[in-house]
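Accompanying notes for the structure given below.
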Amino acid sequence: MSETVAKLAGQRGADAASAQVAVSIGQIFLEFLIIGATSFGGVVPYLRGSLVTKRHWVDDKEFVEMLSISQSLPGLNATNMAILVGDKLRGALGSIAAIIGICLPGAVLMCVVGMFYRIHGDHDFVTAALKGVAAAAVGLILSTVMGLSEKSLAGKFDFVFMALTVIAVNRLHQSVPRTLVVVGLLAILFHRPRKKQKESATL
Amino acid sequence: MNQIPALIRVFAYLSILTVGGGMAAFPEMKILTVEVHKWLTFPQLIHLYSVGQMAPGPNMMMIVVIGQWAGGMLGAIAVLIAFLGPTALLTFVVARLWKKLEKWPWRISIQQGLAPVSIGLLLAGCFTMAKGAISGVETAAIAVGVLLILLRYKVNPALLVVGGAVLGVFSFMPK
C-alpha cells in the first residue's frame, strides 16, 4: 500500500520526493539488501537507479549532495550513502537498516569465498586466475583515482598535495592519520576562504 | 588465543582511515593484518581484496574473511561491526551538522582541501597493492589494459576483473 503511495508521490515530480512519504524500516532494509546483492562493479549507479529513479526516496539534487558528503567523510561511499539515506527516511533506525541491508549480501558471499579460498587457494588454477584478478584490480583502482582527479582536483597545487600524500605514505612510511592531518591541514589552509574585499582592493 | 579484541581494535582504527574510499586504508591494513598480527599473508590480502571487486555491495567486504580466519564466525561479525561502526556514527553526526554549516565559508575549504589528500591516499593504497600484484610484463599489461578500457568505454568494472581471471588462467597456468 505505502509502496503505491510512494510511487504516486514520485510521479508528482522531484518536489514530492522531499515531502516525506512514510517508508517502513522493512522497506528500507529490503531495498538496500537488493542493492547490496545486485550492485556488481560499483554501488553508486545502482543507488541512484534504485533510490532516485525507482523509489523516488531522494531527488537527484539531494542525491548528489549526499554523495559529496559521503566522499568527503571517512567511510565507504556505499555505507555512508546508506547512513544518509536511511537517516533521511527514518532517522537512526533507518540508517541501521540500510547499512545492514547493503553490507549483508557481499559480506556473506565473501565469507563463503574465504572458506573456499582457504581450501583451494593454492591450486595452480586458482593461483593463476587470482594473479590476473589482482592485476585487473590495480587497473580498476587507477581508473577510479583518475576519474576522481578529473572531477575534484582544481589547479596544479592540488596535484602537489596529492603527490605529497603519496610520498608521505609510500616513501616516508608515515601513518595515514599523520599524513591526513599534516597534508590535509596544509591543503585546507591553501583553499581557505578568501575575503571578497581583499580581491576588490587589489583590483 | 582469542583474537577478537585485536580484530576489533585494528578494524575500528582502519575504519577511520577510509577517507575517499576503502583503498585509502590499504597500506595500514597491510602493516597491521600482515606484518603485526600475521592473520594472513600479503598475497592473500591482495587476492581477497581483488576478488572482493567482483562481489556486489560495498567494495571492502573482504575484511570479513580476515575476521573469519582469525576468529571464526564471531570474528567475522566483530570485524564488520568494528569496521563500519565508527565511520557510520561519524557520518550520521557530521552530516546533520554539515547541513547547518551550509553558509560557513570553511566548509568549502575543507572539502576542497581534503579532495587531493583523499585521492593521494587512494593512490598510495593502489601503489602498495601494485607492489604485490604487478610482477612482470603480463600483470602490468592486464592492469594497463583494464585502465585504458575503463577510461575509454563504459564497461562494468566487475566484468573486467572476471576478464583478468580468464587472462590469468591463460597466462600463468604452469604448462
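Each chain in the C-alpha cells gets a letter, A, B, ..., in the order shown, and its residues are numbered from 1; ligands are numbered from 1 in order too.
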List the neighbours of range 155-170 of chain A out to 6 Å using only C-alpha atoms; skip same-chain residues closer than 2 positions along the sequence, and give me the result as a list in words. Leu153, Leu172, His173 and Gln174 of chain A; Pro116, Val117, Gly120 and Ala124 of chain B
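For Asn2 in chain B, the non-local neighbours within 10 Å, defined as residues at least 6 positions apart in the same chain or in other chains and counting only C-alpha atoms, are Ala70, Gly71 and Gly75 of chain B.
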Counting only C-alpha atoms, give me one row per residue of chain B with an atom at most 6 Å from an atom of chain A, showing the shortest contact pair and its distance in Å to one decimal, sorted by chain then residue number, as a Markdown table.
| residue | atom | partner | partner_atom | distance |
| --- | --- | --- | --- | --- |
| B:Ile16 | CA | A:Pro74 | CA | 5.6 |
| B:Thr18 | CA | A:Pro74 | CA | 5.0 |
| B:Val19 | CA | A:Pro74 | CA | 4.1 |
| B:Gly20 | CA | A:Gln71 | CA | 5.5 |
| B:Gly21 | CA | A:Leu76 | CA | 5.3 |
| B:Gly22 | CA | A:Leu76 | CA | 5.8 |
| B:Ser50 | CA | A:Ala134 | CA | 5.0 |
| B:Ala55 | CA | A:Gly106 | CA | 5.9 |
| B:Pro56 | CA | A:Phe40 | CA | 4.4 |
| B:Gly57 | CA | A:Gly36 | CA | 4.2 |
| B:Pro58 | CA | A:Ala78 | CA | 5.5 |
| B:Met61 | CA | A:Ala107 | CA | 5.1 |
| B:Met62 | CA | A:Met110 | CA | 5.8 |
| B:Val65 | CA | A:Gly114 | CA | 5.3 |
| B:Thr87 | CA | A:Gly75 | CA | 5.1 |
| B:Pro105 | CA | A:Pro193 | CA | 5.8 |
| B:Ser109 | CA | A:His191 | CA | 4.9 |
| B:Ile110 | CA | A:Ile188 | CA | 5.3 |
| B:Gly113 | CA | A:Ile188 | CA | 4.1 |
| B:Leu114 | CA | A:Gly184 | CA | 5.8 |
| B:Pro116 | CA | A:Met162 | CA | 4.8 |
| B:Val117 | CA | A:Met162 | CA | 5.3 |
| B:Gly120 | CA | A:Met162 | CA | 4.3 |
| B:Ala124 | CA | A:Val166 | CA | 4.9 |
| B:Ala133 | CA | A:Ala135 | CA | 5.6 |
| B:Thr139 | CA | A:Ala135 | CA | 5.3 |
| B:Ile142 | CA | A:Ala136 | CA | 5.8 |
| B:Ala143 | CA | A:Gly139 | CA | 4.1 |
| B:Val144 | CA | A:Gly139 | CA | 5.8 |
| B:Val146 | CA | A:Gly139 | CA | 5.2 |
| B:Leu147 | CA | A:Gly139 | CA | 4.6 |
| B:Asn156 | CA | A:Gly41 | CA | 5.6 |
| B:Pro157 | CA | A:Gly41 | CA | 4.9 |
| B:Ala158 | CA | A:Gly41 | CA | 4.3 |
| B:Val161 | CA | A:Ala136 | CA | 5.4 |
| B:Gly164 | CA | A:Gly132 | CA | 4.5 |
| B:Ala165 | CA | A:Ala129 | CA | 4.2 |
| B:Gly168 | CA | A:Gly132 | CA | 3.9 |
| B:Val169 | CA | A:Ala129 | CA | 4.7 |
| B:Phe172 | CA | A:Ala128 | CA | 4.9 |
| B:Met173 | CA | A:Ala128 | CA | 5.4 |
Please provide as a count of residues only all residues within 9 Å of Ile8 in chain B, with the sequence filter that same-chain residues fewer than 4 positions apart are discarded (counting only C-alpha atoms). 11
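Residue nearest Ile28 in chain A, chosen from A:Glu62, A:His120, A:Leu51, A:Arg178 and counting only C-alpha atoms: A:Leu51.
Between CA of Thr128 in chain B and CA of Ala24 in chain B lies a distance of 10.3 Å.
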Taking only C-alpha atoms into account, which of B:Gln111, B:Lys154, B:Leu40, B:Gly136 comes nearest Gln68 in chain B? B:Leu40
Taking the DSSP assignment computed from this structure's backbone, write out as a PyMOL selection string all residues of range 41-105 of chain B that belong to alpha helix (DSSP H). chain B and resi 42-52+63-100+105
Write to file, as an mmCIF file, in the first residue's frame, the residues of the selection just made, with C-alpha atoms.
data_model
loop_
_atom_site.group_PDB
_atom_site.id
_atom_site.type_symbol
_atom_site.label_atom_id
_atom_site.label_comp_id
_atom_site.auth_asym_id
_atom_site.auth_seq_id
_atom_site.Cartn_x
_atom_site.Cartn_y
_atom_site.Cartn_z
ATOM 1 C CA PHE B 42 50.396 -10.215 1.737
ATOM 2 C CA PRO B 43 49.490 -12.239 -1.392
ATOM 3 C CA GLN B 44 46.372 -13.481 0.411
ATOM 4 C CA LEU B 45 45.393 -9.909 1.287
ATOM 5 C CA ILE B 46 45.814 -8.845 -2.336
ATOM 6 C CA HIS B 47 43.830 -11.839 -3.552
ATOM 7 C CA LEU B 48 40.962 -11.222 -1.150
ATOM 8 C CA TYR B 49 40.804 -7.536 -1.979
ATOM 9 C CA SER B 50 40.821 -8.258 -5.715
ATOM 10 C CA VAL B 51 38.215 -10.993 -5.531
ATOM 11 C CA GLY B 52 36.120 -8.587 -3.464
ATOM 12 C CA ILE B 63 37.521 -7.791 5.581
ATOM 13 C CA VAL B 64 35.053 -10.343 6.965
ATOM 14 C CA VAL B 65 37.312 -13.089 5.635
ATOM 15 C CA ILE B 66 40.205 -11.813 7.748
ATOM 16 C CA GLY B 67 37.902 -11.850 10.763
ATOM 17 C CA GLN B 68 36.675 -15.311 9.935
ATOM 18 C CA TRP B 69 40.164 -16.773 9.552
ATOM 19 C CA ALA B 70 41.461 -15.179 12.753
ATOM 20 C CA GLY B 71 38.383 -15.580 14.941
ATOM 21 C CA GLY B 72 35.721 -17.715 13.284
ATOM 22 C CA MET B 73 32.173 -16.533 12.645
ATOM 23 C CA LEU B 74 32.299 -14.273 15.676
ATOM 24 C CA GLY B 75 35.499 -12.762 14.327
ATOM 25 C CA ALA B 76 33.821 -12.007 11.004
ATOM 26 C CA ILE B 77 30.913 -10.252 12.687
ATOM 27 C CA ALA B 78 33.226 -8.375 15.066
ATOM 28 C CA VAL B 79 35.342 -7.127 12.163
ATOM 29 C CA LEU B 80 32.297 -5.992 10.215
ATOM 30 C CA ILE B 81 30.879 -4.034 13.138
ATOM 31 C CA ALA B 82 34.264 -2.572 14.088
ATOM 32 C CA PHE B 83 34.979 -1.517 10.508
ATOM 33 C CA LEU B 84 31.560 0.011 9.818
ATOM 34 C CA GLY B 85 30.602 1.374 13.235
ATOM 35 C CA PRO B 86 32.969 4.322 13.770
ATOM 36 C CA THR B 87 32.546 5.882 10.330
ATOM 37 C CA ALA B 88 28.807 5.194 10.326
ATOM 38 C CA LEU B 89 28.439 7.085 13.588
ATOM 39 C CA LEU B 90 30.699 9.886 12.372
ATOM 40 C CA THR B 91 28.769 10.269 9.121
ATOM 41 C CA PHE B 92 25.478 10.226 10.967
ATOM 42 C CA VAL B 93 26.541 13.024 13.328
ATOM 43 C CA VAL B 94 28.606 15.141 10.943
ATOM 44 C CA ALA B 95 26.048 15.044 8.130
ATOM 45 C CA ARG B 96 23.458 16.627 10.412
ATOM 46 C CA LEU B 97 25.949 19.339 11.389
ATOM 47 C CA TRP B 98 27.140 19.731 7.801
ATOM 48 C CA LYS B 99 23.726 20.906 6.650
ATOM 49 C CA LYS B 100 23.660 23.564 9.358
ATOM 50 C CA PRO B 105 32.975 29.519 4.321
#
d(CA of Ala140 in chain B, CA of Val34 in chain B) in Å: 24.0 Å
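For the atom pair formed by CA of Pro174 in chain B and CA of Ile149 in chain B, the distance is 27.9 Å, given to one decimal.
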